[in-house]
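J.: Sharing a structure, written as C-alpha cells. Questions coming.
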Number of protein chains: 2
Amino acid sequence: MVTSERIKEVARSTPSRIVSVVIDGLGGLPHPETGKTELETAQTPNLDRLAGEGICGLIDPIAPGIIPGSGPGHLAIFGYDPLKFTIGRGVLEALGIDFELEENDIAARGNFCTIDERGLIRDRRAGRIPAERSLELCQMLGEIKVDGAELFIAPVREHRFVVVFRGEGLSDELSDSDPQVEGVLPKPVTALSQNAVKAANIAQEFIVKARESLTRHYPANMVILRGFSKHPNLPSMSEVYKLKPAAIATYPMYRGLAKLLGMEVLATGSTISEEFATLSKHFKDYDFFFLHVKETDTAGEDGDFERKVAIIEEVDSLFPSLINLNPDVIVVTADHSTPAILKGHSWHPVPFLLYSRWCRPDGVAEFSERACARGSLGRFRGIEVMPLAMANALKLVKFDA
Amino acid sequence: MVTSERIKEVARSTPSRIVSVVIDGLGGLPHPETGKTELETAQTPNLDRLAGEGICGLIDPIAPGIIPGSGPGHLAIFGYDPLKFTIGRGVLEALGIDFELEENDIAARGNFCTIDERGLIRDRRAGRIPAERSLELCQMLGEIKVDGAELFIAPVREHRFVVVFRGEGLSDELSDSDPQVEGVLPKPVTALSQNAVKAANIAQEFIVKARESLTRHYPANMVILRGFSKHPNLPSMSEVYKLKPAAIATYPMYRGLAKLLGMEVLATGSTISEEFATLSKHFKDYDFFFLHVKETDTAGEDGDFERKVAIIEEVDSLFPSLINLNPDVIVVTADHSTPAILKGHSWHPVPFLLYSRWCRPDGVAEFSERACARGSLGRFRGIEVMPLAMANALKLVKFDA
C-alpha cells in the first residue's frame with residue numbers, strides 16, 4: 001500500500017480537474033425474479049457510454065468481506081486508509097447532526113436508557129423514546145453545569161444524543177460508561193491516561209447530574225456514554241494531494257466528513273439535480289469535486305429495489321451536464337454496496353469506472369457489477385482510487401529513489 | 001505480501017532455469033488513429049504463441065496510479081518491495097556511470113550551478129554546460145584534497161556529476177546542499193545524526209574548496225549536492241531465492257542495479273540480438289537470467305510510436321532462440337509503461353506473461369495490454385512476479401507452520 005505520506009511526495013498541483021461521483025450504496029444483488037441487480041436493471045445509457053470510453057473494475061472499499069460503515073468507506077475512496085485513520089463514534093455522531101466541532105472539543109455518543117431501583121440497566125434504549133421527547137430531555141440536560149467545561153447536548157434520533165465537552169486541557173482517552181449489555185450497572189468513565197483525569201471527572205460529574213435530573217423521567221431515567229473522541233486532525237486533501245477540493249452533499253454526515261478532509265463544502269439544494277447544478281456552477285473554482293448521492297443507499301436500506309433503480313436512472317440522466325463540463329477525470333463509484341434484498345450495507349464489491357483522456361479503454365461498455373468484474377482494473381482496494389484518479393489527471397510525478 | 005524473508009524460508013536450489021525478459025517501458029496507450037497500442041500494433045507471433053501456452057496478467061510494478069522510476073520498477077519485479085528498499089539518488093547516479101561503489105562509500109549527485117556575487121543561486125544547472133566542459137571541471141575538482149576521505153568526481157551528463165567520498169566511519173545521514181530552488185543560498189550540508197558529523201565536515205570542506213576552484217569558471221562557478229547515500233546492502237538474490245543469477249543489460253544503470261542484487265553481470269554486445277546471443281552462450285552457467293531491453297523505453301520517451309513497434313517486433317523475432325534453449329520458466333514483462341503519446345514513464349499497468357510446463361493456460365493467445373487484462377493472473381503487484389516464477393520453476397517448497 002502506498003501511504004498518504006508517499007503520495008504527498010509525488011503529488012503536484014495542475015489545472016486539471018477530477019470529479020468523483022459517489023453513489024452511496026450503489027452495489028446490489030440480483031432480484032430473485034429477474035436475476036438482475038438494481039444497477040443492471042436500470043437504464044443507464046450515459047454511464048454505459050462513459051464505461052465504454054473509460055476503464056472499469058470492482059473495488060473492495062476496505063477489504064474483501066468487510067462491510068464498510070459510511071465513514072470508513074468514504075475515507076478509503078479519498079485515499080485515507082480506514083484501518084489506520086479512525087474517526088471516533090462521538091465525532092461521527094456530531095458530524096452527523098452538523099455540529100461545529102472545535103479542535104479541542106470532546107464528543108461522545110449518548111443513549112437515554114432505563115435503570116431499575118438498584119441502578120441496573122433494564123433497557124439500553126429507554127424504549128426508543130420519540131424525537132420530541134428526546135429533544136425536551138436534551139434541552140433539560142443542556143442546563144447542567146459542570147466544573148471546567150462548557151456543555152452541549154443535541155438530540156440525534158430516538159434515544160440517541162451527542163454530548164460535547166468544550167474546555168481547556170481535556171483529553172479523550174476515556175473509557176465508555178455504556179457497558180453494551182443490560183442487567184448491569186453503567187460503568188464509571190475512567191481516565192485511560194494520566195492527562196485525562198480532568199476530562200474523566202467532568203464526564204463523571206455530568207453523568208451524576210444527568211441521573212439526578214432524569215430521575216422522574218422514566219423510562220429515560222439515565223444516560224450512558226461511549227466513543228469519547230476529538231476532531232481527528234487528518235492531513236487535509238490539499239496537504240496530501242495538493243488539490244483544492246470541494247464537496248457537494250446533502251446529508252450532514254458526508255458534509256462533516258468532507259470538512260474533516262479539508263474540502264470546501266458547497267451550499268446546494270436538496271435534490272440530486274440541484275447537486276449536479278451546484279457542480280456546474282462551481283466547476284471553475286476547484287480542481288477536485290466529491291459529489292455525493294445519498295438516496296440510493298436509503299432506498300437500499302428500505303429494501304426498495306424499484307426505488308433504487310429509479311434513483312440510479314435519475315443520476316444517469318444528469319450525467320450529460322457533468323460530461324459537458326469536460327473534467328479531465330471522472331470517477332463513478334460508491335462507498336459500499338446496499339443490496340435492496342439485504343436492506344443494509346454489505347461486503348459486496350462496488351462497481352467502479354474511471355474516464356480520462358489518458359486511460360487505456362478496456363472494452364467494457366456497460367456500467368454494472370458484472371460488467372465491471374471484467375474490466376481491466378480488476379478487483380482492487382478503495383484506497384487505490386485516489387492515486388489512480390490523480391495519475392489520470394497527470395497530477396503525479398515519477399516515484400523514484 | 002510475502003516478504004523476501006518468508007520467501008527465503010521456502011526457496012530451494014534446483015537445476016531448473018528461469019529467464020526473465022524485461023522490455024523496458026513496454027506498456028503503451030492506443031494510437032489516436034488506430035486505437036491500438038504499440039504492442040497491439042506490433043506483429044508478435046512468437047510472444048503470442050508463448051501467451052497461448054502460458055498465463056497472462058497485468059502488473060502494477062509499484063501500486064495502481066504510481067509512476068515507477070526505473071530503479072523502483074526493477075526492484076519490484078525482482079521481488080524487493082520498492083516502498084521498503086530504496087536506493088539513494090547518489091548511489092543510482094553512481095551506478096548509472098558504472099562507478100564501482102565500495103561498501104562504505106558515500107555517493108552524492110552534484111550539479112554545477114551559477115551563483116551571483118552575493119552567493120545566491122541564479123541557475124541550478126549552470127546553463128546546462130556541455131559534456132566536455134563538465135569533464136574538465138570534474139577533473140579539476142578531482143584534485144581537491146579533503147581531510148579524512150578520498151575523493152572521486154565523475155561527470156554524468158551536462159551539468160550533472162557524481163561525487164564519492166571514501167573513508168572510514170562516514171555516515172550518509174546528511175542533508176542536501178541543493179535547495180531545489182533558485183534565488184537563495186546553497187544550504188550547508190548538516191549531520192542528521194550524531195555519527196554523521198565527520199561526513200558533514202568532509203562534504204562541507206569539499207564544497208568550500210570547490211567554490212574556490214570554480215570562482216573564475218562562470219557560469220559553472222559553484223556546486224550543489226543532494227542524495228547522499230551508501231550502497232544499500234540489499235539481500236542478494238542468491239540469499240533470498242537460492243539462485244545463481246546473471247544479468248544481460250547494455251545500459252550502466254541496469255547493470256549497476258543487477259550488481260546491487262548480487263547478479264553476475266555478463267559481458268555483452270550493445271544490440272538486442274547480441275544480448276539474446278549472450279543468453280544462449282551462458283545458458284548452462286546460471287539458473288536465473290535477467291535480460292533487459294532498453295530501446296523500447298527510449299523510443300517511448302522520444303514519442304516515437306513506430307520505432308517502439310519496430311523494436312517490439314525485433315524482440316519478438318529473437319524469441320525462438322530463447323525458446324529453443326528450453327528454459328523451465330519464461331517471464332516477459334516490463335518495469336513500467338512508457339506510452340509514446342505520453343513521452344515518458346506512466347502509471348498504466350504492464351502486460352505480463354509467464355510460460356512454464358506447470359502453469360494452467362488461461363486461453364489468452366495474444367500478448368498485449370488488453371489481452372493480458374483478461375488473463376487468469378488478473379492485475380497484481382510487481383513484487384509477486386518472483387514468487388510466481390520460482391513456483392513455476394518448482395523452486396519453492398510448501399509454506400507451513
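To be explicit about the labels: the chains of the C-alpha cells are called A, B, and onward in the order shown, and within each one the residues are counted from 1, while ligands get numbers from 1 in the order they are shown.
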Would you return as a PyMOL selection string the members of segment 123-318 of chain A that DSSP assigns to strand (DSSP E) on this structure's backbone?

T.: chain A and resi 123+150-157+160-166+222-229+245-248+264-265+288-293

J.: Near chain A, meaning an atom within 9 Å, which residues of chain B appear when counting only C-alpha atoms? Write them as a PyMOL selection string.

T.: chain B and resi 28-30+37+58+62-73+82-83+86-89+92+227+342+345-349+369-370+372-374+378-379

J.: Could you name the residues that touch Leu120 of chain B at 7 Å or less, counting only C-alpha atoms, but leaving out those on the same chain fewer than 3 positions away, as a ChimeraX atom specification?

T.: /B:115-116,183-185

J.: Could you turn the residues from that selection into a file that holds C-alpha atoms, as an mmCIF file, in the first residue's frame?

T.:
data_model
loop_
_atom_site.group_PDB
_atom_site.id
_atom_site.type_symbol
_atom_site.label_atom_id
_atom_site.label_comp_id
_atom_site.auth_asym_id
_atom_site.auth_seq_id
_atom_site.Cartn_x
_atom_site.Cartn_y
_atom_site.Cartn_z
ATOM 1 C CA ILE B 115 25.827 31.872 -8.177
ATOM 2 C CA ASP B 116 25.864 35.654 -8.181
ATOM 3 C CA GLY B 183 17.371 32.865 -5.741
ATOM 4 C CA VAL B 184 18.640 31.509 -2.418
ATOM 5 C CA LEU B 185 21.988 30.476 -0.956
#

J.: Let me make sure I understand: among A:Phe283, A:Arg255, A:Tyr355, A:Leu261, which one has the smallest atom-to-atom distance to Glu239 of chain A if we use only C-alpha atoms?

T.: A:Leu261

J.: List the spatial neighbours of segment 209-216 of chain A as a ChimeraX atom specification - criterion: any atom at most 12 Å away, only C-alpha atoms, same-chain residues fewer than 2 positions off excluded.

T.: /A:110-117,119,126,134,136-147,153,163,186,202-207,218-225

J.: Using DSSP secondary structure from the backbone, list all helix (DSSP H, G or I) positions within segment 194-318 of chain B, as a PyMOL selection string.

T.: chain B and resi 194-214+237-241+252-260+272-285+295-301+305-318

J.: Would you mind exporting C-alpha atoms of the selected residues as a PDB file, in the first residue's frame?

T.:
ATOM      1  CA  GLN B 194      25.483  12.346  15.774  1.00  0.00           C
ATOM      2  CA  ASN B 195      27.693   9.917  13.885  1.00  0.00           C
ATOM      3  CA  ALA B 196      27.411  11.847  10.632  1.00  0.00           C
ATOM      4  CA  VAL B 197      29.346  14.862  11.930  1.00  0.00           C
ATOM      5  CA  LYS B 198      32.603  13.697  10.369  1.00  0.00           C
ATOM      6  CA  ALA B 199      30.981  13.142   6.962  1.00  0.00           C
ATOM      7  CA  ALA B 200      29.216  16.520   7.126  1.00  0.00           C
ATOM      8  CA  ASN B 201      32.526  18.271   7.781  1.00  0.00           C
ATOM      9  CA  ILE B 202      34.160  16.485   4.868  1.00  0.00           C
ATOM     10  CA  ALA B 203      31.324  17.313   2.475  1.00  0.00           C
ATOM     11  CA  GLN B 204      31.306  20.921   3.601  1.00  0.00           C
ATOM     12  CA  GLU B 205      35.094  21.176   3.210  1.00  0.00           C
ATOM     13  CA  PHE B 206      34.758  19.849  -0.338  1.00  0.00           C
ATOM     14  CA  ILE B 207      32.049  22.384  -1.178  1.00  0.00           C
ATOM     15  CA  VAL B 208      34.088  25.318   0.145  1.00  0.00           C
ATOM     16  CA  LYS B 209      37.151  24.235  -1.821  1.00  0.00           C
ATOM     17  CA  ALA B 210      35.080  23.575  -4.945  1.00  0.00           C
ATOM     18  CA  ARG B 211      33.710  27.101  -4.768  1.00  0.00           C
ATOM     19  CA  GLU B 212      37.258  28.470  -4.555  1.00  0.00           C
ATOM     20  CA  SER B 213      38.379  26.377  -7.537  1.00  0.00           C
ATOM     21  CA  LEU B 214      35.378  27.339  -9.638  1.00  0.00           C
ATOM     22  CA  MET B 237      19.093 -12.889  -4.919  1.00  0.00           C
ATOM     23  CA  SER B 238      21.164 -15.929  -4.064  1.00  0.00           C
ATOM     24  CA  GLU B 239      20.469 -15.314  -0.396  1.00  0.00           C
ATOM     25  CA  VAL B 240      16.722 -14.765  -0.874  1.00  0.00           C
ATOM     26  CA  TYR B 241      15.996 -17.227  -3.695  1.00  0.00           C
ATOM     27  CA  PRO B 252      25.005   1.079 -16.959  1.00  0.00           C
ATOM     28  CA  MET B 253      22.150   1.809 -14.568  1.00  0.00           C
ATOM     29  CA  TYR B 254      20.570  -1.606 -15.079  1.00  0.00           C
ATOM     30  CA  ARG B 255      23.926  -3.342 -14.878  1.00  0.00           C
ATOM     31  CA  GLY B 256      24.582  -1.497 -11.629  1.00  0.00           C
ATOM     32  CA  LEU B 257      21.186  -2.350 -10.227  1.00  0.00           C
ATOM     33  CA  ALA B 258      21.695  -6.024 -11.108  1.00  0.00           C
ATOM     34  CA  LYS B 259      25.041  -5.929  -9.314  1.00  0.00           C
ATOM     35  CA  LEU B 260      23.356  -4.484  -6.207  1.00  0.00           C
ATOM     36  CA  ILE B 272      19.346  -6.689 -28.678  1.00  0.00           C
ATOM     37  CA  SER B 273      20.344  -9.607 -30.867  1.00  0.00           C
ATOM     38  CA  GLU B 274      23.760  -9.703 -29.161  1.00  0.00           C
ATOM     39  CA  GLU B 275      22.003  -9.745 -25.802  1.00  0.00           C
ATOM     40  CA  PHE B 276      19.988 -12.817 -26.854  1.00  0.00           C
ATOM     41  CA  ALA B 277      23.206 -14.416 -28.141  1.00  0.00           C
ATOM     42  CA  THR B 278      24.808 -13.787 -24.745  1.00  0.00           C
ATOM     43  CA  LEU B 279      21.892 -15.588 -23.136  1.00  0.00           C
ATOM     44  CA  SER B 280      22.434 -18.628 -25.371  1.00  0.00           C
ATOM     45  CA  LYS B 281      26.153 -18.606 -24.713  1.00  0.00           C
ATOM     46  CA  HIS B 282      25.834 -18.606 -20.916  1.00  0.00           C
ATOM     47  CA  PHE B 283      22.609 -20.545 -20.582  1.00  0.00           C
ATOM     48  CA  LYS B 284      24.229 -23.544 -18.908  1.00  0.00           C
ATOM     49  CA  ASP B 285      26.083 -21.463 -16.323  1.00  0.00           C
ATOM     50  CA  GLU B 295      15.345   0.559 -26.585  1.00  0.00           C
ATOM     51  CA  THR B 296      11.543   0.297 -26.182  1.00  0.00           C
ATOM     52  CA  ASP B 297      11.652   2.790 -23.331  1.00  0.00           C
ATOM     53  CA  THR B 298      13.881   5.191 -25.235  1.00  0.00           C
ATOM     54  CA  ALA B 299      11.550   5.096 -28.255  1.00  0.00           C
ATOM     55  CA  GLY B 300       8.572   5.701 -25.939  1.00  0.00           C
ATOM     56  CA  GLU B 301      10.313   8.639 -24.269  1.00  0.00           C
ATOM     57  CA  PHE B 305       5.359   5.102 -31.739  1.00  0.00           C
ATOM     58  CA  GLU B 306       6.611   3.420 -34.924  1.00  0.00           C
ATOM     59  CA  ARG B 307      10.122   2.836 -33.595  1.00  0.00           C
ATOM     60  CA  LYS B 308       8.729   1.322 -30.423  1.00  0.00           C
ATOM     61  CA  VAL B 309       6.603  -1.011 -32.552  1.00  0.00           C
ATOM     62  CA  ALA B 310       9.639  -1.977 -34.642  1.00  0.00           C
ATOM     63  CA  ILE B 311      11.748  -2.739 -31.556  1.00  0.00           C
ATOM     64  CA  ILE B 312       8.985  -4.896 -30.092  1.00  0.00           C
ATOM     65  CA  GLU B 313       8.901  -6.807 -33.380  1.00  0.00           C
ATOM     66  CA  GLU B 314      12.671  -7.209 -33.270  1.00  0.00           C
ATOM     67  CA  VAL B 315      12.497  -8.591 -29.740  1.00  0.00           C
ATOM     68  CA  ASP B 316       9.735 -10.975 -30.813  1.00  0.00           C
ATOM     69  CA  SER B 317      11.811 -12.221 -33.739  1.00  0.00           C
ATOM     70  CA  LEU B 318      14.614 -13.168 -31.335  1.00  0.00           C
TER      71      LEU B 318
END

J.: What's around Glu93 of chain A at 9 Å? Count only C-alpha atoms, leave out sequence neighbours fewer than 5 positions away in its own chain, and write the answer as a PDB file with C-alpha atoms, in the first residue's frame.

T.:
ATOM      1  CA  GLY A  88     -14.380   8.255  16.878  1.00  0.00           C
ATOM      2  CA  ASP A  98     -23.880  19.274  11.603  1.00  0.00           C
ATOM      3  CA  PHE A  99     -22.437  20.195  14.991  1.00  0.00           C
ATOM      4  CA  ALA A 107     -17.678  14.462  21.699  1.00  0.00           C
ATOM      5  CA  ALA A 108     -19.414  11.326  22.918  1.00  0.00           C
ATOM      6  CA  ARG A 109     -22.378   9.363  21.717  1.00  0.00           C
ATOM      7  CA  VAL A 156     -29.761  12.651  17.185  1.00  0.00           C
ATOM      8  CA  PHE A 161     -27.859  12.157  21.500  1.00  0.00           C
ATOM      9  CA  VAL A 162     -24.456  13.787  21.313  1.00  0.00           C
ATOM     10  CA  MET A 253     -22.541  13.317   7.950  1.00  0.00           C
TER      11      MET A 253
END

J.: Find the distance between atom CA of Val364 of chain B and atom CA of Ala42 of chain B and write it in Å to one decimal.

T.: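 We find that atom CA of Val364 of chain B and atom CA of Ala42 of chain B lie 16.9 Å from each other.
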
J.: Show me, as a ChimeraX atom specification, the residues that have an atom within 7 Å of segment 266-271 of chain A when counting only C-alpha atoms, minus same-chain residues fewer than 6 positions from it.

T.: /A:246-248,250,278

J.: Can you spit out the residues from that selection as a PDB file, in the first residue's frame, using N, CA and C atoms?

T.:
ATOM      1  N   ALA A 246     -13.637  20.386  -3.301  1.00  0.00           N
ATOM      2  CA  ALA A 246     -14.964  20.841  -2.868  1.00  0.00           C
ATOM      3  C   ALA A 246     -15.909  19.649  -2.775  1.00  0.00           C
ATOM      4  N   ALA A 247     -16.864  19.746  -1.861  1.00  0.00           N
ATOM      5  CA  ALA A 247     -17.834  18.671  -1.661  1.00  0.00           C
ATOM      6  C   ALA A 247     -19.240  19.165  -1.927  1.00  0.00           C
ATOM      7  N   ILE A 248     -20.014  18.315  -2.597  1.00  0.00           N
ATOM      8  CA  ILE A 248     -21.429  18.602  -2.826  1.00  0.00           C
ATOM      9  C   ILE A 248     -22.200  17.429  -2.241  1.00  0.00           C
ATOM     10  N   THR A 250     -25.774  16.440   0.467  1.00  0.00           N
ATOM     11  CA  THR A 250     -26.955  16.993   1.132  1.00  0.00           C
ATOM     12  C   THR A 250     -27.074  16.516   2.572  1.00  0.00           C
ATOM     13  N   THR A 278     -25.084  22.497  -8.813  1.00  0.00           N
ATOM     14  CA  THR A 278     -24.052  23.114  -7.977  1.00  0.00           C
ATOM     15  C   THR A 278     -22.667  22.819  -8.539  1.00  0.00           C
TER      16      THR A 278
END

J.: Find the residues near Thr14 of chain A: any atom within 8 Å, counting only C-alpha atoms, skip ones fewer than 2 places away on the same chain, and give them as a PyMOL selection string.

T.: chain A and resi 12+16+394-395

J.: Write a file of the selected residues as a PDB file, in the first residue's frame, keeping C-alpha atoms.

T.:
ATOM      1  CA  ARG A  12       1.680  18.179  -7.753  1.00  0.00           C
ATOM      2  CA  SER A  16      -6.697  19.563 -14.430  1.00  0.00           C
ATOM      3  CA  LEU A 394      -1.460  13.936 -14.715  1.00  0.00           C
ATOM      4  CA  LYS A 395      -1.067  15.163 -11.151  1.00  0.00           C
TER       5      LYS A 395
END

J.: How many Å separate atom CA of Tyr286 of chain A from atom CA of Glu9 of chain A?

T.: 21.5 Å
